[in-house]
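S.K.: See query_33.pdb below, with PDB, C-alpha atoms, pLDDT in the B column.
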MODEL        1
ATOM      1  CA  MET A   1       6.695   5.607  -5.561  1.00 63.00           C
ATOM      2  CA  THR A   2       8.119   5.100  -2.055  1.00 72.00           C
ATOM      3  CA  PRO A   3       9.770   8.240  -0.608  1.00 78.00           C
ATOM      4  CA  THR A   4      13.464   7.947   0.241  1.00 81.00           C
ATOM      5  CA  PRO A   5      14.492   8.371   3.897  1.00 78.00           C
ATOM      6  CA  THR A   6      16.014  11.772   3.084  1.00 87.00           C
ATOM      7  CA  ALA A   7      12.872  12.931   1.284  1.00 90.00           C
ATOM      8  CA  THR A   8      10.760  11.803   4.240  1.00 92.00           C
ATOM      9  CA  LEU A   9      12.918  13.781   6.698  1.00 93.00           C
ATOM     10  CA  VAL A  10      12.691  16.898   4.539  1.00 94.00           C
ATOM     11  CA  ALA A  11       8.928  16.476   4.252  1.00 95.00           C
ATOM     12  CA  ARG A  12       8.634  16.171   8.028  1.00 96.00           C
ATOM     13  CA  ASP A  13      10.665  19.357   8.473  1.00 97.00           C
ATOM     14  CA  TRP A  14       8.158  21.034   6.180  1.00 97.00           C
ATOM     15  CA  ALA A  15       5.192  19.665   8.125  1.00 96.00           C
ATOM     16  CA  GLU A  16       6.606  20.273  11.612  1.00 96.00           C
ATOM     17  CA  ILE A  17       8.482  23.562  11.101  1.00 97.00           C
ATOM     18  CA  GLN A  18       7.730  25.412   7.874  1.00 97.00           C
ATOM     19  CA  GLU A  19       4.148  24.721   6.871  1.00 96.00           C
ATOM     20  CA  ARG A  20       2.578  26.895   9.567  1.00 97.00           C
ATOM     21  CA  MET A  21       4.424  30.015   8.375  1.00 97.00           C
ATOM     22  CA  LEU A  22       1.805  30.529   5.674  1.00 96.00           C
ATOM     23  CA  VAL A  23      -1.248  30.200   7.944  1.00 97.00           C
ATOM     24  CA  PRO A  24      -1.922  33.987   7.842  1.00 98.00           C
ATOM     25  CA  LEU A  25      -2.086  33.774   4.035  1.00 97.00           C
ATOM     26  CA  TYR A  26      -4.425  30.785   4.044  1.00 97.00           C
ATOM     27  CA  GLU A  27      -6.725  32.363   6.612  1.00 98.00           C
ATOM     28  CA  ALA A  28      -6.827  35.731   4.817  1.00 98.00           C
ATOM     29  CA  VAL A  29      -7.809  34.041   1.562  1.00 97.00           C
ATOM     30  CA  TYR A  30     -10.453  31.887   3.217  1.00 98.00           C
ATOM     31  CA  ASP A  31     -11.897  34.961   4.930  1.00 98.00           C
ATOM     32  CA  ARG A  32     -11.949  36.845   1.621  1.00 97.00           C
ATOM     33  CA  LEU A  33     -13.747  33.961  -0.126  1.00 97.00           C
ATOM     34  CA  GLU A  34     -16.007  33.364   2.887  1.00 98.00           C
ATOM     35  CA  VAL A  35     -15.163  29.672   2.782  1.00 98.00           C
ATOM     36  CA  GLY A  36     -17.699  27.676   4.752  1.00 97.00           C
ATOM     37  CA  PRO A  37     -19.861  24.539   4.927  1.00 97.00           C
ATOM     38  CA  GLY A  38     -20.581  22.951   1.576  1.00 93.00           C
ATOM     39  CA  ASP A  39     -17.805  24.674  -0.352  1.00 97.00           C
ATOM     40  CA  ARG A  40     -15.563  22.427  -2.447  1.00 96.00           C
ATOM     41  CA  LEU A  41     -11.911  23.434  -2.732  1.00 97.00           C
ATOM     42  CA  LEU A  42      -9.022  22.091  -4.804  1.00 97.00           C
ATOM     43  CA  ASP A  43      -5.568  23.067  -3.536  1.00 96.00           C
ATOM     44  CA  LEU A  44      -2.514  22.738  -5.796  1.00 95.00           C
ATOM     45  CA  ASP A  45       0.815  21.983  -4.100  1.00 94.00           C
ATOM     46  CA  CYS A  46      -0.911  21.380  -0.781  1.00 95.00           C
ATOM     47  CA  GLY A  47       2.247  20.082   0.927  1.00 94.00           C
ATOM     48  CA  ALA A  48       1.463  18.014   3.998  1.00 96.00           C
ATOM     49  CA  GLY A  49      -2.122  19.251   3.951  1.00 96.00           C
ATOM     50  CA  LEU A  50      -2.322  22.109   6.462  1.00 97.00           C
ATOM     51  CA  PRO A  51      -4.359  24.368   4.125  1.00 96.00           C
ATOM     52  CA  LEU A  52      -6.804  21.488   3.665  1.00 97.00           C
ATOM     53  CA  LEU A  53      -7.172  21.075   7.434  1.00 97.00           C
ATOM     54  CA  LEU A  54      -7.862  24.801   7.832  1.00 97.00           C
ATOM     55  CA  ALA A  55     -10.524  24.661   5.121  1.00 97.00           C
ATOM     56  CA  ALA A  56     -12.080  21.554   6.685  1.00 97.00           C
ATOM     57  CA  GLY A  57     -12.212  23.412  10.003  1.00 97.00           C
ATOM     58  CA  ARG A  58     -14.535  25.892   8.297  1.00 98.00           C
ATOM     59  CA  GLY A  59     -16.782  23.094   7.046  1.00 97.00           C
ATOM     60  CA  ALA A  60     -15.474  22.978   3.485  1.00 97.00           C
ATOM     61  CA  VAL A  61     -14.639  19.820   1.551  1.00 96.00           C
ATOM     62  CA  ALA A  62     -11.036  20.208   0.427  1.00 96.00           C
ATOM     63  CA  THR A  63      -8.976  18.055  -1.918  1.00 96.00           C
ATOM     64  CA  GLY A  64      -5.250  18.532  -2.374  1.00 96.00           C
ATOM     65  CA  VAL A  65      -2.794  17.988  -5.192  1.00 95.00           C
ATOM     66  CA  GLU A  66       0.813  17.244  -4.222  1.00 95.00           C
ATOM     67  CA  ALA A  67       3.431  15.842  -6.576  1.00 93.00           C
ATOM     68  CA  ASP A  68       6.009  15.092  -3.874  1.00 94.00           C
ATOM     69  CA  PRO A  69       5.322  11.545  -2.607  1.00 95.00           C
ATOM     70  CA  ALA A  70       6.778  12.181   0.862  1.00 96.00           C
ATOM     71  CA  ARG A  71       4.577  15.222   1.509  1.00 96.00           C
ATOM     72  CA  ARG A  72       1.611  13.442  -0.039  1.00 96.00           C
ATOM     73  CA  ALA A  73       2.127  10.507   2.327  1.00 96.00           C
ATOM     74  CA  LEU A  74       2.135  12.830   5.347  1.00 96.00           C
ATOM     75  CA  ALA A  75      -1.058  14.495   4.153  1.00 96.00           C
ATOM     76  CA  ARG A  76      -2.735  11.120   3.780  1.00 96.00           C
ATOM     77  CA  GLU A  77      -1.636  10.212   7.314  1.00 95.00           C
ATOM     78  CA  ARG A  78      -3.871  13.118   8.332  1.00 94.00           C
ATOM     79  CA  LEU A  79      -6.756  11.308   6.552  1.00 92.00           C
ATOM     80  CA  LEU A  80      -6.848  13.929   3.798  1.00 95.00           C
ATOM     81  CA  GLU A  81      -7.721  13.363   0.159  1.00 95.00           C
ATOM     82  CA  VAL A  82      -4.590  14.227  -1.803  1.00 95.00           C
ATOM     83  CA  LEU A  83      -3.993  13.492  -5.470  1.00 94.00           C
ATOM     84  CA  ALA A  84      -0.653  13.118  -7.219  1.00 93.00           C
ATOM     85  CA  ALA A  85      -1.791  15.378 -10.096  1.00 90.00           C
ATOM     86  CA  PRO A  86      -4.787  17.600 -10.948  1.00 88.00           C
ATOM     87  CA  PRO A  87      -7.911  15.633 -11.862  1.00 85.00           C
ATOM     88  CA  GLU A  88      -8.137  14.857 -15.553  1.00 79.00           C
ATOM     89  CA  PRO A  89     -11.163  15.850 -17.678  1.00 69.00           C
ATOM     90  CA  PRO A  90     -14.023  15.327 -17.632  1.00 63.00           C
ATOM     91  CA  ALA A  91     -14.759  17.513 -14.623  1.00 62.00           C
ATOM     92  CA  PRO A  92     -15.996  15.805 -11.428  1.00 68.00           C
ATOM     93  CA  PRO A  93     -19.796  15.379 -11.043  1.00 75.00           C
ATOM     94  CA  ARG A  94     -19.828  18.482  -8.884  1.00 86.00           C
ATOM     95  CA  PRO A  95     -17.115  20.953  -9.949  1.00 92.00           C
ATOM     96  CA  TYR A  96     -14.972  22.703  -7.372  1.00 96.00           C
ATOM     97  CA  ASP A  97     -16.026  26.135  -6.107  1.00 97.00           C
ATOM     98  CA  ALA A  98     -12.456  27.387  -5.710  1.00 97.00           C
ATOM     99  CA  LEU A  99      -8.959  26.528  -6.864  1.00 97.00           C
ATOM    100  CA  LEU A 100      -6.050  27.542  -4.637  1.00 96.00           C
ATOM    101  CA  ALA A 101      -2.578  27.842  -6.139  1.00 91.00           C
ATOM    102  CA  PHE A 102      -0.371  29.487  -3.532  1.00 84.00           C
ATOM    103  CA  SER A 103       2.753  28.824  -5.591  1.00 77.00           C
ATOM    104  CA  PRO A 104       1.311  28.560  -9.083  1.00 77.00           C
ATOM    105  CA  ALA A 105       2.914  26.608 -11.904  1.00 81.00           C
ATOM    106  CA  PRO A 106       1.269  27.549 -15.233  1.00 85.00           C
ATOM    107  CA  ALA A 107       1.019  23.945 -16.466  1.00 88.00           C
ATOM    108  CA  ALA A 108      -0.580  22.665 -13.255  1.00 87.00           C
ATOM    109  CA  LEU A 109      -2.921  25.663 -13.195  1.00 92.00           C
ATOM    110  CA  ALA A 110      -4.086  24.982 -16.749  1.00 92.00           C
ATOM    111  CA  ALA A 111      -4.590  21.288 -15.973  1.00 91.00           C
ATOM    112  CA  ALA A 112      -6.725  22.042 -12.917  1.00 93.00           C
ATOM    113  CA  LEU A 113      -8.972  24.798 -14.293  1.00 94.00           C
ATOM    114  CA  PRO A 114     -11.448  22.443 -16.069  1.00 93.00           C
ATOM    115  CA  ALA A 115     -12.402  21.035 -12.656  1.00 93.00           C
ATOM    116  CA  VAL A 116     -13.604  24.445 -11.395  1.00 95.00           C
ATOM    117  CA  ARG A 117     -17.183  25.597 -11.961  1.00 94.00           C
ATOM    118  CA  ARG A 118     -18.013  28.623 -14.055  1.00 95.00           C
ATOM    119  CA  GLY A 119     -17.749  31.694 -11.847  1.00 97.00           C
ATOM    120  CA  GLY A 120     -15.616  29.765  -9.357  1.00 97.00           C
ATOM    121  CA  ALA A 121     -12.685  31.461  -7.663  1.00 98.00           C
ATOM    122  CA  VAL A 122      -9.053  30.925  -8.567  1.00 98.00           C
ATOM    123  CA  VAL A 123      -6.548  32.205  -6.015  1.00 98.00           C
ATOM    124  CA  LEU A 124      -2.885  32.703  -6.878  1.00 97.00           C
ATOM    125  CA  ALA A 125      -0.271  33.845  -4.386  1.00 96.00           C
ATOM    126  CA  ASP A 126       3.447  34.457  -4.205  1.00 93.00           C
ATOM    127  CA  TRP A 127       6.087  36.691  -2.605  1.00 93.00           C
ATOM    128  CA  GLY A 128       5.300  40.373  -2.302  1.00 92.00           C
ATOM    129  CA  PRO A 129       7.648  43.295  -3.052  1.00 90.00           C
ATOM    130  CA  ALA A 130      11.321  42.394  -2.680  1.00 86.00           C
ATOM    131  CA  GLU A 131      11.931  45.202  -0.197  1.00 88.00           C
ATOM    132  CA  ARG A 132       9.229  43.739   2.093  1.00 91.00           C
ATOM    133  CA  CYS A 133      10.452  40.128   2.005  1.00 92.00           C
ATOM    134  CA  THR A 134      13.390  38.914   4.074  1.00 93.00           C
ATOM    135  CA  VAL A 135      13.573  35.292   2.984  1.00 91.00           C
ATOM    136  CA  PRO A 136      14.595  35.890  -0.660  1.00 85.00           C
ATOM    137  CA  SER A 137      17.541  38.009   0.517  1.00 82.00           C
ATOM    138  CA  VAL A 138      18.614  35.261   2.923  1.00 87.00           C
ATOM    139  CA  LEU A 139      18.475  32.837   0.003  1.00 79.00           C
ATOM    140  CA  GLY A 140      20.790  35.014  -2.076  1.00 73.00           C
ATOM    141  CA  GLY A 141      18.240  37.099  -3.947  1.00 62.00           C
ATOM    142  CA  GLY A 142      15.879  34.437  -5.249  1.00 61.00           C
ATOM    143  CA  PRO A 143      13.404  33.224  -6.131  1.00 63.00           C
ATOM    144  CA  ALA A 144      11.834  36.162  -7.968  1.00 73.00           C
ATOM    145  CA  PRO A 145       8.066  36.514  -7.440  1.00 80.00           C
ATOM    146  CA  ARG A 146       5.835  35.434 -10.300  1.00 86.00           C
ATOM    147  CA  ASP A 147       3.739  38.005 -12.164  1.00 92.00           C
ATOM    148  CA  LEU A 148       0.382  36.862 -10.836  1.00 94.00           C
ATOM    149  CA  ASP A 149      -1.618  39.328 -12.945  1.00 95.00           C
ATOM    150  CA  ALA A 150       0.045  38.019 -16.104  1.00 94.00           C
ATOM    151  CA  LEU A 151      -0.783  34.448 -15.048  1.00 93.00           C
ATOM    152  CA  VAL A 152      -4.427  35.432 -14.635  1.00 95.00           C
ATOM    153  CA  GLU A 153      -4.477  37.023 -18.081  1.00 95.00           C
ATOM    154  CA  ARG A 154      -2.750  34.102 -19.799  1.00 94.00           C
ATOM    155  CA  ALA A 155      -5.146  31.638 -18.167  1.00 94.00           C
ATOM    156  CA  GLY A 156      -8.142  33.548 -19.552  1.00 95.00           C
ATOM    157  CA  LEU A 157      -9.512  34.343 -16.083  1.00 97.00           C
ATOM    158  CA  ARG A 158     -11.439  37.415 -14.928  1.00 97.00           C
ATOM    159  CA  PRO A 159      -9.633  39.485 -12.233  1.00 97.00           C
ATOM    160  CA  ASP A 160     -11.641  39.917  -9.042  1.00 97.00           C
ATOM    161  CA  GLY A 161      -9.411  41.556  -6.446  1.00 96.00           C
ATOM    162  CA  SER A 162      -6.113  41.166  -4.652  1.00 97.00           C
ATOM    163  CA  GLY A 163      -4.519  41.621  -1.256  1.00 97.00           C
ATOM    164  CA  ARG A 164      -1.328  41.481   0.770  1.00 97.00           C
ATOM    165  CA  VAL A 165      -0.689  39.481   3.928  1.00 98.00           C
ATOM    166  CA  PHE A 166       2.084  39.726   6.514  1.00 98.00           C
ATOM    167  CA  CYS A 167       3.640  36.268   6.916  1.00 97.00           C
ATOM    168  CA  PRO A 168       6.635  36.388   9.260  1.00 97.00           C
ATOM    169  CA  PHE A 169       8.789  33.279   9.357  1.00 97.00           C
ATOM    170  CA  GLY A 170       9.675  32.760  13.016  1.00 97.00           C
ATOM    171  CA  TYR A 171      11.889  29.972  14.332  1.00 98.00           C
ATOM    172  CA  ALA A 172      13.023  28.885  17.785  1.00 97.00           C
ATOM    173  CA  ASP A 173      16.679  28.881  16.744  1.00 97.00           C
ATOM    174  CA  VAL A 174      19.025  28.900  13.756  1.00 97.00           C
ATOM    175  CA  ASP A 175      18.924  25.110  13.409  1.00 96.00           C
ATOM    176  CA  SER A 176      15.126  25.132  13.085  1.00 97.00           C
ATOM    177  CA  ALA A 177      15.322  27.997  10.599  1.00 97.00           C
ATOM    178  CA  VAL A 178      17.853  26.150   8.456  1.00 96.00           C
ATOM    179  CA  ARG A 179      15.780  22.961   8.456  1.00 95.00           C
ATOM    180  CA  GLY A 180      12.589  24.849   7.704  1.00 95.00           C
ATOM    181  CA  LEU A 181      14.014  26.884   4.847  1.00 94.00           C
ATOM    182  CA  LEU A 182      15.745  23.887   3.282  1.00 92.00           C
ATOM    183  CA  SER A 183      12.452  21.987   3.367  1.00 93.00           C
ATOM    184  CA  THR A 184      10.908  24.578   1.018  1.00 90.00           C
ATOM    185  CA  GLY A 185      13.227  23.625  -1.821  1.00 85.00           C
ATOM    186  CA  LEU A 186      13.791  27.332  -2.493  1.00 82.00           C
ATOM    187  CA  TYR A 187      17.482  27.229  -1.622  1.00 74.00           C
ATOM    188  CA  ASP A 188      18.174  24.681  -4.369  1.00 63.00           C
ATOM    189  CA  ALA A 189      16.481  26.972  -6.890  1.00 55.00           C
ATOM    190  CA  THR A 190      18.571  30.040  -6.157  1.00 52.00           C
ATOM    191  CA  ASP A 191      21.435  28.920  -8.377  1.00 51.00           C
ATOM    192  CA  ASP A 192      20.772  25.846 -10.473  1.00 49.00           C
ATOM    193  CA  ALA A 193      24.248  26.063 -11.990  1.00 44.00           C
ATOM    194  CA  ASP A 194      25.991  25.893  -8.624  1.00 51.00           C
ATOM    195  CA  ASP A 195      26.732  22.329  -7.587  1.00 51.00           C
ATOM    196  CA  ASP A 196      27.318  23.564  -4.029  1.00 49.00           C
ATOM    197  CA  ALA A 197      23.547  23.861  -3.576  1.00 50.00           C
ATOM    198  CA  ALA A 198      23.385  20.063  -3.886  1.00 57.00           C
ATOM    199  CA  ASP A 199      25.763  19.613  -0.933  1.00 73.00           C
ATOM    200  CA  PRO A 200      23.472  19.488   2.125  1.00 75.00           C
ATOM    201  CA  VAL A 201      26.282  20.169   4.619  1.00 84.00           C
ATOM    202  CA  LEU A 202      27.475  23.236   2.734  1.00 85.00           C
ATOM    203  CA  ALA A 203      23.897  24.409   2.196  1.00 82.00           C
ATOM    204  CA  GLU A 204      23.208  24.233   5.933  1.00 90.00           C
ATOM    205  CA  LYS A 205      26.411  26.127   6.725  1.00 91.00           C
ATOM    206  CA  GLU A 206      25.723  28.887   4.199  1.00 90.00           C
ATOM    207  CA  LEU A 207      22.143  29.314   5.366  1.00 92.00           C
ATOM    208  CA  ALA A 208      23.162  29.418   9.037  1.00 94.00           C
ATOM    209  CA  GLU A 209      25.662  32.181   8.275  1.00 94.00           C
ATOM    210  CA  ALA A 210      23.091  34.142   6.274  1.00 93.00           C
ATOM    211  CA  LEU A 211      20.600  33.903   9.144  1.00 95.00           C
ATOM    212  CA  HIS A 212      22.845  35.291  11.889  1.00 94.00           C
ATOM    213  CA  PRO A 213      21.856  38.948  11.232  1.00 94.00           C
ATOM    214  CA  PHE A 214      18.244  37.957  11.914  1.00 96.00           C
ATOM    215  CA  GLU A 215      18.978  36.097  15.154  1.00 97.00           C
ATOM    216  CA  ARG A 216      17.543  37.666  18.314  1.00 96.00           C
ATOM    217  CA  SER A 217      19.135  37.818  21.737  1.00 96.00           C
ATOM    218  CA  ASP A 218      17.187  34.721  22.865  1.00 97.00           C
ATOM    219  CA  GLY A 219      18.419  32.739  19.840  1.00 97.00           C
ATOM    220  CA  ALA A 220      15.150  32.950  17.910  1.00 98.00           C
ATOM    221  CA  VAL A 221      15.189  33.860  14.215  1.00 98.00           C
ATOM    222  CA  TRP A 222      12.649  36.325  12.806  1.00 97.00           C
ATOM    223  CA  LEU A 223      12.189  36.841   9.054  1.00 97.00           C
ATOM    224  CA  PRO A 224       9.370  39.278   8.122  1.00 96.00           C
ATOM    225  CA  ASN A 225       7.691  38.790   4.735  1.00 95.00           C
ATOM    226  CA  ILE A 226       4.756  40.105   2.748  1.00 96.00           C
ATOM    227  CA  PHE A 227       2.837  37.804   0.414  1.00 96.00           C
ATOM    228  CA  ARG A 228       0.516  38.977  -2.348  1.00 96.00           C
ATOM    229  CA  TYR A 229      -2.523  37.101  -3.578  1.00 97.00           C
ATOM    230  CA  VAL A 230      -4.908  37.716  -6.469  1.00 97.00           C
ATOM    231  CA  ILE A 231      -8.415  36.367  -6.927  1.00 98.00           C
ATOM    232  CA  ALA A 232      -9.811  35.626 -10.366  1.00 98.00           C
ATOM    233  CA  ARG A 233     -12.979  34.015 -11.680  1.00 98.00           C
ATOM    234  CA  VAL A 234     -13.514  31.282 -14.249  1.00 97.00           C
ATOM    235  CA  ASN A 235     -15.415  32.611 -17.275  1.00 93.00           C
TER     236      ASN A 235
ENDMDL
END
Rewrite the structure from the file as structure tokens, please.

M.R.:
Amino acid sequence: MTPTPTATLVARDWAEIQERMLVPLYEAVYDRLEVGPGDRLLDLDCGAGLPLLLAAGRGAVATGVEADPARRALARERLLEVLAAPPEPPAPPRPYDALLAFSPAPAALAAALPAVRRGGAVVLADWGPAERCTVPSVLGGGPAPRDLDALVERAGLRPDGSGRVFCPFGYADVDSAVRGLLSTGLYDATDDADDDAADPVLAEKELAEALHPFERSDGAVWLPNIFRYVIARVN
């Protein structure tokens, strides 16, 4: 599938503006897992591939899964291995040591688990407590964080720790903030019944207005957030 021009622009906004906002989360998880040379990682919803590049910088071999063709194309421009869907059984000749699902979808998680070795790590992450996250309030109260512990239990995994990471979303100006936040796709999900969310001009206007309270004197926008991650092991 060839990405549309609009989809390509949105994907580039993600890659150039938004993707780096989660670097503290990626680095904290990699530190916790002691990711290093020889480790094999599979990353669900890898976007334009920044988490893969960070893992490769530590010597790991990282493969991504990204359903969006525009983001997948950008990741492949970075010479990364990115699949359109989790690998199908049977498992690869050498199973993955860790599965990263920073925004886990239960179906994708279940599809990817057979590719992870026994005892391998599975990392799930999502928004932290509502009172510690600014972005959901800017987006009108959503999306609600997933119950990561329940996901671990339903997947039949063994809990092995958790943590919280400060991930501030900082932008040079309101325009960059609007473009970055819209590239996440989160704004569209705040009210699926509201056709206004499908109007890009109105969406930009509403987001810009919601961001003004977080605009600093120099025009920069600062949105503090806490993310929570859990680590589990494959039985």

S.K.: For a quick check of your reading of the model, name the residues lying within 8 Å of the coordinate (-15.3, 35.1, -15.1), counting all atoms listed in the file, and write them as a PyMOL selection string.

M.R.: chain A and resi 118-120+157-159+232-235

S.K.: Using all atoms listed in the file, which residue out of A:Ala7, A:Leu100, A:Ala115, A:Ala130 lies closest to Val230 in chain A?

M.R.: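 Counting all atoms listed in the file, the residue closest to Val230 in chain A is A:Leu100.
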
S.K.: My list of candidates is A:Val135, A:Ala208, A:Leu25, A:Ala108. Which is closest to Arg228 in chain A when distances are computed with all atoms listed in the file?

M.R.: A:Leu25

S.K.: Which of these residues is nearest to Cys133 in chain A, using all atoms listed in the file: A:Pro224, A:Ala98, A:Ala48, A:Arg20?

M.R.: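 Of A:Pro224, A:Ala98, A:Ala48, A:Arg20, the one nearest Cys133 in chain A, counting all atoms listed in the file, is A:Pro224.
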
S.K.: If you apply the PyMOL selection byres ((chain A and resi 169) around 10) to this file, what residues do you get, as a PDB file with C-alpha atoms, in the coordinates of the input?

M.R.:
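What follows is the written file out_15.pdb:
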ATOM      1  CA  ILE A  17       8.482  23.562  11.101  1.00 97.00           C
ATOM      2  CA  GLN A  18       7.730  25.412   7.874  1.00 97.00           C
ATOM      3  CA  ARG A  20       2.578  26.895   9.567  1.00 97.00           C
ATOM      4  CA  MET A  21       4.424  30.015   8.375  1.00 97.00           C
ATOM      5  CA  LEU A  22       1.805  30.529   5.674  1.00 96.00           C
ATOM      6  CA  THR A 134      13.390  38.914   4.074  1.00 93.00           C
ATOM      7  CA  VAL A 135      13.573  35.292   2.984  1.00 91.00           C
ATOM      8  CA  PHE A 166       2.084  39.726   6.514  1.00 98.00           C
ATOM      9  CA  CYS A 167       3.640  36.268   6.916  1.00 97.00           C
ATOM     10  CA  PRO A 168       6.635  36.388   9.260  1.00 97.00           C
ATOM     11  CA  GLY A 170       9.675  32.760  13.016  1.00 97.00           C
ATOM     12  CA  TYR A 171      11.889  29.972  14.332  1.00 98.00           C
ATOM     13  CA  ALA A 177      15.322  27.997  10.599  1.00 97.00           C
ATOM     14  CA  GLY A 180      12.589  24.849   7.704  1.00 95.00           C
ATOM     15  CA  LEU A 181      14.014  26.884   4.847  1.00 94.00           C
ATOM     16  CA  VAL A 221      15.189  33.860  14.215  1.00 98.00           C
ATOM     17  CA  TRP A 222      12.649  36.325  12.806  1.00 97.00           C
ATOM     18  CA  LEU A 223      12.189  36.841   9.054  1.00 97.00           C
ATOM     19  CA  PRO A 224       9.370  39.278   8.122  1.00 96.00           C
ATOM     20  CA  ASN A 225       7.691  38.790   4.735  1.00 95.00           C
TER      21      ASN A 225
END

S.K.: Could you tell me which of A:Leu202, A:Ala60, A:Leu139, A:Cys46 comes closest to Leu33 in chain A if we count only C-alpha atoms?

M.R.: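 Closest candidate: A:Ala60.
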
S.K.: Give me the residues within 7 Å of Phe227 in chain A as JSON, numbers by chain, counting all atoms listed in the file and dropping any in the same chain fewer than 5 places off.

M.R.: {"A": [125, 126, 127, 128, 164, 165, 166, 167]}
